[in-house]
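What follows is the content of query_11.tsv (TSV, C-alpha atoms).
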chain	number	residue	atom	x	y	z
J	1002	MET	CA	-26.27	74.94	-22.57
J	1003	ARG	CA	-26.03	76.79	-25.88
J	1004	GLN	CA	-24.84	80.31	-25.22
J	1005	CYS	CA	-26.12	83.51	-26.79
J	1006	ARG	CA	-23.81	86.41	-27.61
J	1007	ILE	CA	-25.28	89.91	-27.75
J	1008	ASN	CA	-22.56	92.30	-28.90
J	1009	LYS	CA	-19.70	91.49	-26.48
J	1010	THR	CA	-21.98	90.00	-23.82
J	1011	VAL	CA	-22.09	86.21	-23.53
J	1012	ILE	CA	-25.28	84.84	-21.94
J	1013	GLY	CA	-25.87	81.37	-20.55
J	1014	GLY	CA	-23.70	78.39	-19.74
J	1015	ASP	CA	-20.85	79.28	-17.41
J	1016	ALA	CA	-21.16	83.04	-18.07
J	1017	PRO	CA	-22.25	85.26	-15.17
J	1018	VAL	CA	-25.93	86.12	-14.89
J	1019	ARG	CA	-26.51	89.20	-17.05
J	1020	VAL	CA	-28.74	92.20	-16.42
J	1021	MET	CA	-30.95	94.00	-18.93
J	1022	GLY	CA	-32.05	97.47	-17.84
J	1023	VAL	CA	-35.41	98.73	-19.10
J	1024	ILE	CA	-35.66	102.10	-20.85
J	1025	ASN	CA	-39.40	102.71	-21.09
J	1026	CYS	CA	-40.43	105.42	-23.57
J	1027	SER	CA	-44.15	104.76	-23.11
J	1028	PRO	CA	-46.13	107.13	-20.84
J	1029	GLU	CA	-49.04	104.65	-21.04
J	1030	SER	CA	-47.11	102.20	-18.86
J	1031	CYS	CA	-48.87	101.02	-15.71
J	1032	TYR	CA	-45.65	101.77	-13.83
J	1033	ASN	CA	-45.47	105.55	-14.11
J	1034	ASP	CA	-42.07	105.85	-12.46
J	1035	SER	CA	-40.49	103.77	-15.23
J	1036	PHE	CA	-41.30	106.24	-18.01
J	1037	ILE	CA	-38.20	108.09	-19.22
J	1038	PRO	CA	-38.67	111.32	-21.24
J	1039	THR	CA	-36.52	111.50	-24.36
J	1040	ASN	CA	-34.19	114.15	-23.00
J	1041	GLU	CA	-33.37	111.96	-19.97
J	1042	ILE	CA	-32.74	108.70	-21.82
J	1043	HIS	CA	-28.98	109.06	-22.22
J	1044	ALA	CA	-28.46	109.93	-18.56
J	1045	LYS	CA	-30.69	107.03	-17.48
J	1046	ALA	CA	-28.78	104.58	-19.68
J	1047	VAL	CA	-25.45	105.82	-18.28
J	1048	ALA	CA	-26.75	105.36	-14.73
J	1049	MET	CA	-27.92	101.82	-15.52
J	1050	VAL	CA	-24.60	100.81	-17.07
J	1051	GLU	CA	-22.69	102.31	-14.15
J	1052	ALA	CA	-24.95	100.32	-11.81
J	1053	GLY	CA	-24.06	97.10	-13.64
J	1054	ALA	CA	-26.45	96.68	-16.59
J	1055	ASP	CA	-24.98	94.64	-19.43
J	1056	ILE	CA	-27.74	95.46	-21.92
J	1057	ILE	CA	-30.11	98.43	-22.30
J	1058	ASP	CA	-33.55	97.36	-23.56
J	1059	VAL	CA	-35.44	100.20	-25.26
J	1060	GLY	CA	-39.20	99.99	-25.80
J	1061	ALA	CA	-41.80	102.54	-26.83
J	1062	ARG	CA	-45.19	100.93	-26.33
J	1063	SER	CA	-46.79	99.37	-23.28
J	1064	THR	CA	-47.99	95.76	-23.33
J	1065	ALA	CA	-49.31	95.80	-19.77
J	1066	PRO	CA	-52.88	94.57	-19.19
J	1067	ASN	CA	-55.42	97.22	-20.24
J	1068	ALA	CA	-52.72	99.60	-21.48
J	1069	GLN	CA	-53.75	102.15	-24.08
J	1070	ALA	CA	-52.82	100.99	-27.59
J	1071	ILE	CA	-50.75	103.23	-29.86
J	1072	SER	CA	-50.14	103.12	-33.59
J	1073	GLY	CA	-47.05	101.65	-35.15
J	1074	THR	CA	-46.22	105.11	-36.47
J	1075	HIS	CA	-46.28	106.54	-32.96
J	1076	GLU	CA	-44.16	103.67	-31.63
J	1077	ALA	CA	-41.63	104.17	-34.44
J	1078	GLU	CA	-41.36	107.91	-33.77
J	1079	ARG	CA	-40.78	107.33	-30.06
J	1080	ILE	CA	-38.18	104.61	-30.43
J	1081	ASP	CA	-36.38	106.50	-33.18
J	1082	ALA	CA	-36.08	109.52	-30.89
J	1083	ALA	CA	-34.88	107.33	-28.01
J	1084	LEU	CA	-32.24	105.57	-30.09
J	1085	ARG	CA	-30.96	108.90	-31.42
J	1086	GLU	CA	-30.18	109.79	-27.81
J	1087	LEU	CA	-28.08	106.62	-27.53
J	1088	ASP	CA	-26.28	106.78	-30.87
J	1089	GLY	CA	-22.55	106.56	-30.31
J	1090	CYS	CA	-22.83	105.72	-26.61
J	1091	GLY	CA	-21.09	102.37	-26.98
J	1092	PHE	CA	-23.66	100.52	-24.88
J	1093	THR	CA	-25.15	97.17	-25.84
J	1094	ILE	CA	-28.73	97.90	-26.90
J	1095	SER	CA	-31.74	95.69	-27.55
J	1096	VAL	CA	-35.05	96.93	-28.92
J	1097	ASP	CA	-38.36	95.78	-27.51
J	1098	THR	CA	-40.75	95.78	-30.46
J	1099	MET	CA	-42.83	93.19	-32.29
J	1100	ASN	CA	-43.57	95.39	-35.31
J	1101	PRO	CA	-41.48	94.59	-38.43
J	1102	TRP	CA	-41.41	98.11	-39.80
J	1103	VAL	CA	-40.69	99.61	-36.38
J	1104	LEU	CA	-37.71	97.25	-36.40
J	1105	ASP	CA	-36.73	98.79	-39.75
J	1106	VAL	CA	-36.53	102.17	-38.03
J	1107	CYS	CA	-34.44	100.68	-35.23
J	1108	LEU	CA	-32.02	99.20	-37.73
J	1109	LYS	CA	-31.04	102.71	-38.82
J	1110	HIS	CA	-29.32	102.96	-35.44
J	1111	GLU	CA	-26.63	100.83	-33.79
J	1112	ILE	CA	-28.61	98.09	-32.07
J	1113	HIS	CA	-27.44	94.67	-31.00
J	1114	ALA	CA	-30.53	92.50	-30.39
J	1115	ALA	CA	-34.26	92.27	-31.02
J	1116	ASN	CA	-36.60	91.51	-28.12
J	1117	ASP	CA	-39.78	90.05	-29.65
J	1118	ILE	CA	-42.58	89.26	-27.22
J	1119	ALA	CA	-44.60	87.86	-30.14
J	1120	GLY	CA	-42.13	84.99	-30.47
J	1121	PHE	CA	-41.44	85.46	-34.20
J	1122	SER	CA	-45.11	84.91	-35.04
J	1123	SER	CA	-44.36	87.36	-37.88
J	1124	SER	CA	-42.13	85.66	-40.43
J	1125	SER	CA	-41.38	89.12	-41.83
J	1126	TYR	CA	-40.01	90.21	-38.45
J	1127	ALA	CA	-37.95	87.05	-38.08
J	1128	GLY	CA	-36.58	87.55	-41.60
J	1129	LYS	CA	-35.46	91.08	-40.80
J	1130	VAL	CA	-33.71	89.89	-37.65
J	1131	ALA	CA	-31.97	87.14	-39.61
J	1132	ASP	CA	-30.96	89.46	-42.45
J	1133	ALA	CA	-29.50	91.94	-39.95
J	1134	GLY	CA	-27.60	89.17	-38.17
J	1135	LEU	CA	-29.13	90.16	-34.85
J	1136	PRO	CA	-29.40	87.93	-31.79
J	1137	ALA	CA	-32.90	87.71	-30.34
J	1138	ILE	CA	-34.85	87.40	-27.14
J	1139	VAL	CA	-38.04	85.53	-28.05
J	1140	MET	CA	-41.07	85.00	-25.85
J	1141	ALA	CA	-43.24	81.89	-25.69
J	1142	SER	CA	-46.12	82.98	-27.96
J	1143	GLU	CA	-48.15	81.19	-30.60
J	1144	TYR	CA	-49.96	84.04	-32.36
J	1145	GLN	CA	-49.90	87.01	-29.99
J	1146	PRO	CA	-47.83	87.93	-26.92
J	1147	GLY	CA	-48.43	85.64	-23.98
J	1148	ASP	CA	-51.26	83.64	-25.51
J	1149	ALA	CA	-49.87	80.42	-24.04
J	1150	VAL	CA	-52.02	79.77	-20.95
J	1151	GLY	CA	-50.49	77.39	-18.41
J	1152	MET	CA	-47.34	75.31	-18.29
J	1153	ASP	CA	-48.19	72.80	-21.01
J	1154	ALA	CA	-49.17	75.53	-23.46
J	1155	THR	CA	-46.01	77.46	-22.64
J	1156	LEU	CA	-43.82	74.44	-23.31
J	1157	ALA	CA	-45.61	73.95	-26.63
J	1158	ALA	CA	-45.20	77.62	-27.52
J	1159	ILE	CA	-41.48	77.52	-26.80
J	1160	ALA	CA	-41.13	74.53	-29.12
J	1161	THR	CA	-42.99	76.52	-31.79
J	1162	VAL	CA	-40.76	79.55	-31.29
J	1163	MET	CA	-37.64	77.42	-31.59
J	1164	ARG	CA	-38.91	75.98	-34.89
J	1165	ARG	CA	-39.46	79.53	-36.13
J	1166	CYS	CA	-35.91	80.45	-35.18
J	1167	GLU	CA	-34.59	77.42	-37.07
J	1168	SER	CA	-36.71	78.24	-40.13
J	1169	ALA	CA	-35.41	81.81	-40.17
J	1170	GLY	CA	-31.81	80.68	-39.74
J	1171	ILE	CA	-31.45	82.27	-36.30
J	1172	ASP	CA	-29.36	80.29	-33.84
J	1173	ASN	CA	-28.29	83.02	-31.40
J	1174	TYR	CA	-31.16	83.63	-29.02
J	1175	VAL	CA	-32.52	83.70	-25.46
J	1176	LEU	CA	-35.86	82.15	-24.54
J	1177	ASP	CA	-38.44	84.09	-22.51
J	1178	PRO	CA	-41.12	81.86	-20.92
J	1179	GLY	CA	-43.41	84.91	-20.86
J	1180	ILE	CA	-44.43	85.35	-17.24
J	1181	GLY	CA	-47.15	88.01	-17.06
J	1182	LEU	CA	-50.85	88.71	-17.59
J	1183	TRP	CA	-50.59	89.14	-21.33
J	1184	VAL	CA	-54.07	88.03	-22.38
J	1185	PRO	CA	-57.43	87.95	-20.53
J	1186	LEU	CA	-57.42	84.15	-20.26
J	1187	ARG	CA	-54.24	84.20	-18.18
J	1188	SER	CA	-54.36	84.39	-14.40
J	1189	VAL	CA	-51.88	85.15	-11.64
J	1190	ASP	CA	-51.94	81.42	-10.84
J	1191	ASN	CA	-50.41	80.80	-14.27
J	1192	ASP	CA	-47.57	83.19	-13.44
J	1193	TRP	CA	-46.87	81.54	-10.10
J	1194	GLU	CA	-46.84	78.14	-11.80
J	1195	LEU	CA	-44.40	79.28	-14.51
J	1196	SER	CA	-42.15	80.79	-11.83
J	1197	ARG	CA	-42.33	77.71	-9.62
J	1198	ARG	CA	-41.51	75.37	-12.51
J	1199	PHE	CA	-39.07	77.68	-14.29
J	1200	ASP	CA	-36.26	75.09	-14.22
J	1201	GLU	CA	-38.30	72.87	-16.55
J	1202	PHE	CA	-37.51	75.31	-19.37
J	1203	LEU	CA	-33.85	74.32	-19.11
J	1204	ARG	CA	-34.73	71.25	-21.18
J	1205	TYR	CA	-34.43	73.42	-24.30
J	1206	ASP	CA	-30.71	74.00	-23.65
J	1207	ARG	CA	-30.96	77.76	-24.27
J	1208	PRO	CA	-30.39	80.74	-21.97
J	1209	LEU	CA	-33.55	81.78	-20.13
J	1210	LEU	CA	-34.82	85.30	-19.44
J	1211	ALA	CA	-36.31	86.20	-16.06
J	1212	ALA	CA	-38.67	89.12	-16.69
J	1213	VAL	CA	-40.88	89.66	-13.64
J	1214	SER	CA	-39.99	93.22	-12.66
J	1215	ARG	CA	-42.95	94.97	-10.97
J	1216	LYS	CA	-45.47	92.62	-12.63
J	1217	SER	CA	-49.15	92.26	-11.74
J	1218	PHE	CA	-49.03	88.80	-10.16
J	1219	ILE	CA	-46.65	90.16	-7.53
J	1220	GLY	CA	-48.81	93.23	-6.99
J	1221	GLN	CA	-51.97	91.20	-6.56
J	1222	LEU	CA	-50.39	89.01	-3.89
J	1223	LEU	CA	-48.94	91.96	-1.97
J	1224	ASP	CA	-51.80	94.39	-2.70
J	1225	ARG	CA	-49.29	96.91	-4.03
J	1226	PHE	CA	-49.18	99.23	-7.01
J	1227	PRO	CA	-46.09	98.86	-9.26
J	1228	GLU	CA	-44.21	101.45	-7.19
J	1229	GLY	CA	-44.36	99.12	-4.17
J	1230	ARG	CA	-43.37	95.85	-5.83
J	1231	LEU	CA	-39.56	96.00	-5.70
J	1232	ALA	CA	-39.09	93.58	-2.80
J	1233	GLY	CA	-41.55	91.12	-4.30
J	1234	SER	CA	-39.85	91.36	-7.69
J	1235	LEU	CA	-36.47	90.63	-6.14
J	1236	ALA	CA	-37.87	87.65	-4.23
J	1237	VAL	CA	-39.24	86.07	-7.40
J	1238	THR	CA	-36.07	86.91	-9.30
J	1239	MET	CA	-33.95	85.12	-6.70
J	1240	THR	CA	-36.06	82.00	-7.15
J	1241	LEU	CA	-35.70	82.19	-10.94
J	1242	LEU	CA	-31.94	82.51	-10.57
J	1243	GLN	CA	-31.94	79.37	-8.45
J	1244	LYS	CA	-33.93	77.69	-11.22
J	1245	GLY	CA	-31.51	78.60	-14.00
J	1246	ALA	CA	-32.20	82.10	-15.35
J	1247	SER	CA	-29.24	83.50	-17.29
J	1248	LEU	CA	-30.54	87.02	-18.01
J	1249	VAL	CA	-32.69	89.31	-15.86
J	1250	ARG	CA	-34.76	92.13	-17.34
J	1251	THR	CA	-35.44	94.79	-14.72
J	1252	HIS	CA	-36.46	98.37	-14.02
J	1253	ASP	CA	-34.23	98.31	-10.93
J	1254	VAL	CA	-30.69	97.65	-12.05
J	1255	ARG	CA	-28.70	98.46	-8.92
J	1256	GLU	CA	-30.87	96.35	-6.62
J	1257	THR	CA	-30.93	93.47	-9.10
J	1258	VAL	CA	-27.15	93.53	-9.53
J	1259	ASP	CA	-26.80	93.38	-5.73
J	1260	LEU	CA	-29.18	90.42	-5.66
J	1261	ILE	CA	-27.16	88.57	-8.30
J	1262	ARG	CA	-23.87	89.23	-6.51
J	1263	VAL	CA	-25.29	87.79	-3.30
J	1264	HIS	CA	-26.78	84.81	-5.13
J	1265	GLU	CA	-23.54	84.01	-6.94
J	1266	ARG	CA	-21.54	84.32	-3.71
J	1267	LEU	CA	-23.86	81.83	-2.04
J	1268	VAL	CA	-24.05	79.37	-4.91
J	1269	LYS	CA	-20.64	79.52	-6.58
J	1270	GLN	CA	-18.32	80.38	-3.72
J	1271	GLY	CA	-20.06	78.92	-0.72

Can you dump the structure from the file as structure tokens?
Amino acid sequence: MRQCRINKTVIGGDAPVRVMGVINCSPESCYNDSFIPTNEIHAKAVAMVEAGADIIDVGARSTAPNAQAISGTHEAERIDAALRELDGCGFTISVDTMNPWVLDVCLKHEIHAANDIAGFSSSSYAGKVADAGLPAIVMASEYQPGDAVGMDATLAAIATVMRRCESAGIDNYVLDPGIGLWVPLRSVDNDWELSRRFDEFLRYDRPLLAAVSRKSFIGQLLDRFPEGRLAGSLAVTMTLLQKGASLVRTHDVRETVDLIRVHERLVKQG
């Protein structure tokens, strides 16, 4: 497997499974407990790193189903304020934005990766990532986040995203199959199928992101709001680890790190 290096963190291949902790600066999020006010961001990041997070992923707009939209200006102001709180901290930081000029604002700070759920559908965005020499996490998307409906469409979208990476001259990246109810045409059945067949994405020989923390398909099965989805999230994450995930994006760092330690003890030292 081709590895990806984000700052000093190597992802994929024989490297340990890595953990990406979510810093959510969006009060519109469907998971209210995940929202971190600006003045608490540094302390939250410290707690995540102490709990075992390798990367801190900072985002400032919600992409959850039916979330209130905000302007790019508002997103830029939020993420700029968040990154100011982390300047000089020494942590490995990725930014979760799909807006090219919001990325410009982020580049004024010390960041180490771009997390683009639009899968480089913007050539301008991809160009900025390439020019900055940033690694990337790129989601399976054709034109908008999560517009690939079903397994076949997701495989096709990943192939498209990889061509975009090649065209932009980006060879240091992680693939995100895009589990989640991103567009109205998608259903929870699609998410279960992507999770069940996650190992099929290994054919692309790139590190894979497991990003299922507190998501709707788990909540619908369990009849739980996001606050009650931790156990379900960990159960799906364990399955994705068994099927080859190299990086886990989570709201719950300590519990996820425990899960990975148990998994690696079972699999690698059994």

>> Taking only C-alpha atoms into account, name the residue in J:Asp1259, J:Asp1058, J:Asp1177, J:Glu1078 that is nearest to Ala1046 of chain J.
In response: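 The answer is J:Asp1058, which sits nearest to Ala1046 of chain J.
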
> Between J:Cys1107, J:Ala1077, J:Val1249, J:Ala1082, which is the closest to Glu1041 of chain J once you count all atoms listed in the file?
Replying inline: J:Ala1082

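Of note, atom CA of Asp1192 of chain J and atom CA of Ile1180 of chain J are spaced 5.4 Å apart.
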
>> Set the distance at 10 Å and use all atoms listed in the file: which residues neighbour Asn1025 of chain J once local chain neighbours fewer than 5 positions away are removed? I'd like the list as a PyMOL selection string.
In response: chain J and resi 1030+1032-1039+1042+1058-1063+1080+1083+1097+1252

>> Using Å and a single decimal, report how far atom CA of Phe1199 of chain J sits from atom CA of Ala1246 of chain J.
In response: 8.2 Å

> Which value, in Å to one decimal, gives the distance between atom CA of Trp1193 of chain J and atom CA of Asp1224 of chain J?
Replying inline: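 Rounded to one decimal, the two atoms are 15.6 Å apart.
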
List the neighbours of Glu1167 of chain J out to 12 Å using only C-alpha atoms; skip same-chain residues closer than 5 positions along the sequence, and give me the result as a PDB file with C-alpha atoms, in the frame of the given file.
ATOM      1  CA  PHE J1121     -41.440  85.460 -34.200  1.00  0.00           C
ATOM      2  CA  SER J1124     -42.130  85.660 -40.430  1.00  0.00           C
ATOM      3  CA  ALA J1127     -37.950  87.050 -38.080  1.00  0.00           C
ATOM      4  CA  GLY J1128     -36.580  87.550 -41.600  1.00  0.00           C
ATOM      5  CA  ALA J1131     -31.970  87.140 -39.610  1.00  0.00           C
ATOM      6  CA  ALA J1160     -41.130  74.530 -29.120  1.00  0.00           C
ATOM      7  CA  THR J1161     -42.990  76.520 -31.790  1.00  0.00           C
ATOM      8  CA  VAL J1162     -40.760  79.550 -31.290  1.00  0.00           C
ATOM      9  CA  ASP J1172     -29.360  80.290 -33.840  1.00  0.00           C
ATOM     10  CA  ASN J1173     -28.290  83.020 -31.400  1.00  0.00           C
ATOM     11  CA  TYR J1174     -31.160  83.630 -29.020  1.00  0.00           C
TER      12      TYR J1174
END

Residues at most 6 Å from segment 1142-1154 of chain J, counting all atoms listed in the file, excluding those fewer than 2 positions away in the same chain, as a PDB file with C-alpha atoms, in the coordinates of the input?
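The resulting part_21.pdb:
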ATOM      1  CA  ILE J1118     -42.580  89.260 -27.220  1.00  0.00           C
ATOM      2  CA  ALA J1119     -44.600  87.860 -30.140  1.00  0.00           C
ATOM      3  CA  GLY J1120     -42.130  84.990 -30.470  1.00  0.00           C
ATOM      4  CA  SER J1122     -45.110  84.910 -35.040  1.00  0.00           C
ATOM      5  CA  MET J1140     -41.070  85.000 -25.850  1.00  0.00           C
ATOM      6  CA  LEU J1156     -43.820  74.440 -23.310  1.00  0.00           C
ATOM      7  CA  ALA J1157     -45.610  73.950 -26.630  1.00  0.00           C
ATOM      8  CA  ALA J1158     -45.200  77.620 -27.520  1.00  0.00           C
ATOM      9  CA  GLY J1179     -43.410  84.910 -20.860  1.00  0.00           C
ATOM     10  CA  TRP J1183     -50.590  89.140 -21.330  1.00  0.00           C
ATOM     11  CA  ARG J1187     -54.240  84.200 -18.180  1.00  0.00           C
ATOM     12  CA  ASN J1191     -50.410  80.800 -14.270  1.00  0.00           C
TER      13      ASN J1191
END

Which residues are close to Glu1265 of chain J, i.e. within 12 Å by only C-alpha atoms, leaving aside same-chain residues fewer than 2 positions away? Reply as a short mmCIF file (atom, residue, chain, number, x, y, z; two decimals) with C-alpha atoms, in the frame of the given file.
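The file below, result.cif, is the result:
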data_model
loop_
_atom_site.label_atom_id
_atom_site.label_comp_id
_atom_site.auth_asym_id
_atom_site.auth_seq_id
_atom_site.Cartn_x
_atom_site.Cartn_y
_atom_site.Cartn_z
CA ASP J 1015 -20.85 79.28 -17.41
CA ALA J 1016 -21.16 83.04 -18.07
CA PRO J 1017 -22.25 85.26 -15.17
CA VAL J 1018 -25.93 86.12 -14.89
CA ARG J 1019 -26.51 89.20 -17.05
CA MET J 1239 -33.95 85.12 -6.70
CA LEU J 1242 -31.94 82.51 -10.57
CA GLN J 1243 -31.94 79.37 -8.45
CA GLY J 1245 -31.51 78.60 -14.00
CA SER J 1247 -29.24 83.50 -17.29
CA VAL J 1258 -27.15 93.53 -9.53
CA ASP J 1259 -26.80 93.38 -5.73
CA LEU J 1260 -29.18 90.42 -5.66
CA ILE J 1261 -27.16 88.57 -8.30
CA ARG J 1262 -23.87 89.23 -6.51
CA VAL J 1263 -25.29 87.79 -3.30
CA LEU J 1267 -23.86 81.83 -2.04
CA VAL J 1268 -24.05 79.37 -4.91
CA LYS J 1269 -20.64 79.52 -6.58
CA GLN J 1270 -18.32 80.38 -3.72
CA GLY J 1271 -20.06 78.92 -0.72
#

>> I'd like the contact shell of Met1021 of chain J - 12 Å cut-off, all atoms listed in the file, skipping same-chain residues fewer than 5 positions apart - returned as a PyMOL selection string.
In response: chain J and resi 1007+1010+1012+1046+1049-1050+1052-1059+1092-1097+1114+1116+1138+1210-1212+1214+1247-1255+1257-1258

> Smallest atom-to-atom distance to Gly1134 of chain J: which of J:Cys1026, J:Leu1231, J:Ile1171, J:Val1106, using all atoms listed in the file?
Replying inline: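 Checking each candidate against Gly1134 of chain J, we get J:Ile1171 as the closest.
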
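Of the listed residues J:Met1099, J:Leu1084, J:Val1130, J:Ile1159, the one whose atoms come nearest to Arg1204 of chain J is J:Ile1159, with distances taken using all atoms listed in the file.
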
Give, as JSON, the centre coordinates and the x, y and z edge lengths in Å to one decimal for an axis-aligned box around all listed atoms of segment 1174-1188 of chain J, padded by 3 Å on each side.
{"center_x": -44.3, "center_y": 85.5, "center_z": -21.7, "size_x": 32.3, "size_y": 13.3, "size_z": 20.6}

> Which of these residues is nearest to Leu1195 of chain J, using only C-alpha atoms: J:Gly1181, J:Pro1028, J:Pro1136, J:Gly1220?
Replying inline: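 Among the listed residues, J:Gly1181 lies closest to Leu1195 of chain J.
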
> Which of these residues is nearest to Glu1194 of chain J, using all atoms listed in the file: J:Thr1155, J:Cys1166, J:Ala1115, J:Asp1206?
Replying inline: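 Distance minimum relative to Glu1194 of chain J lands on J:Thr1155.
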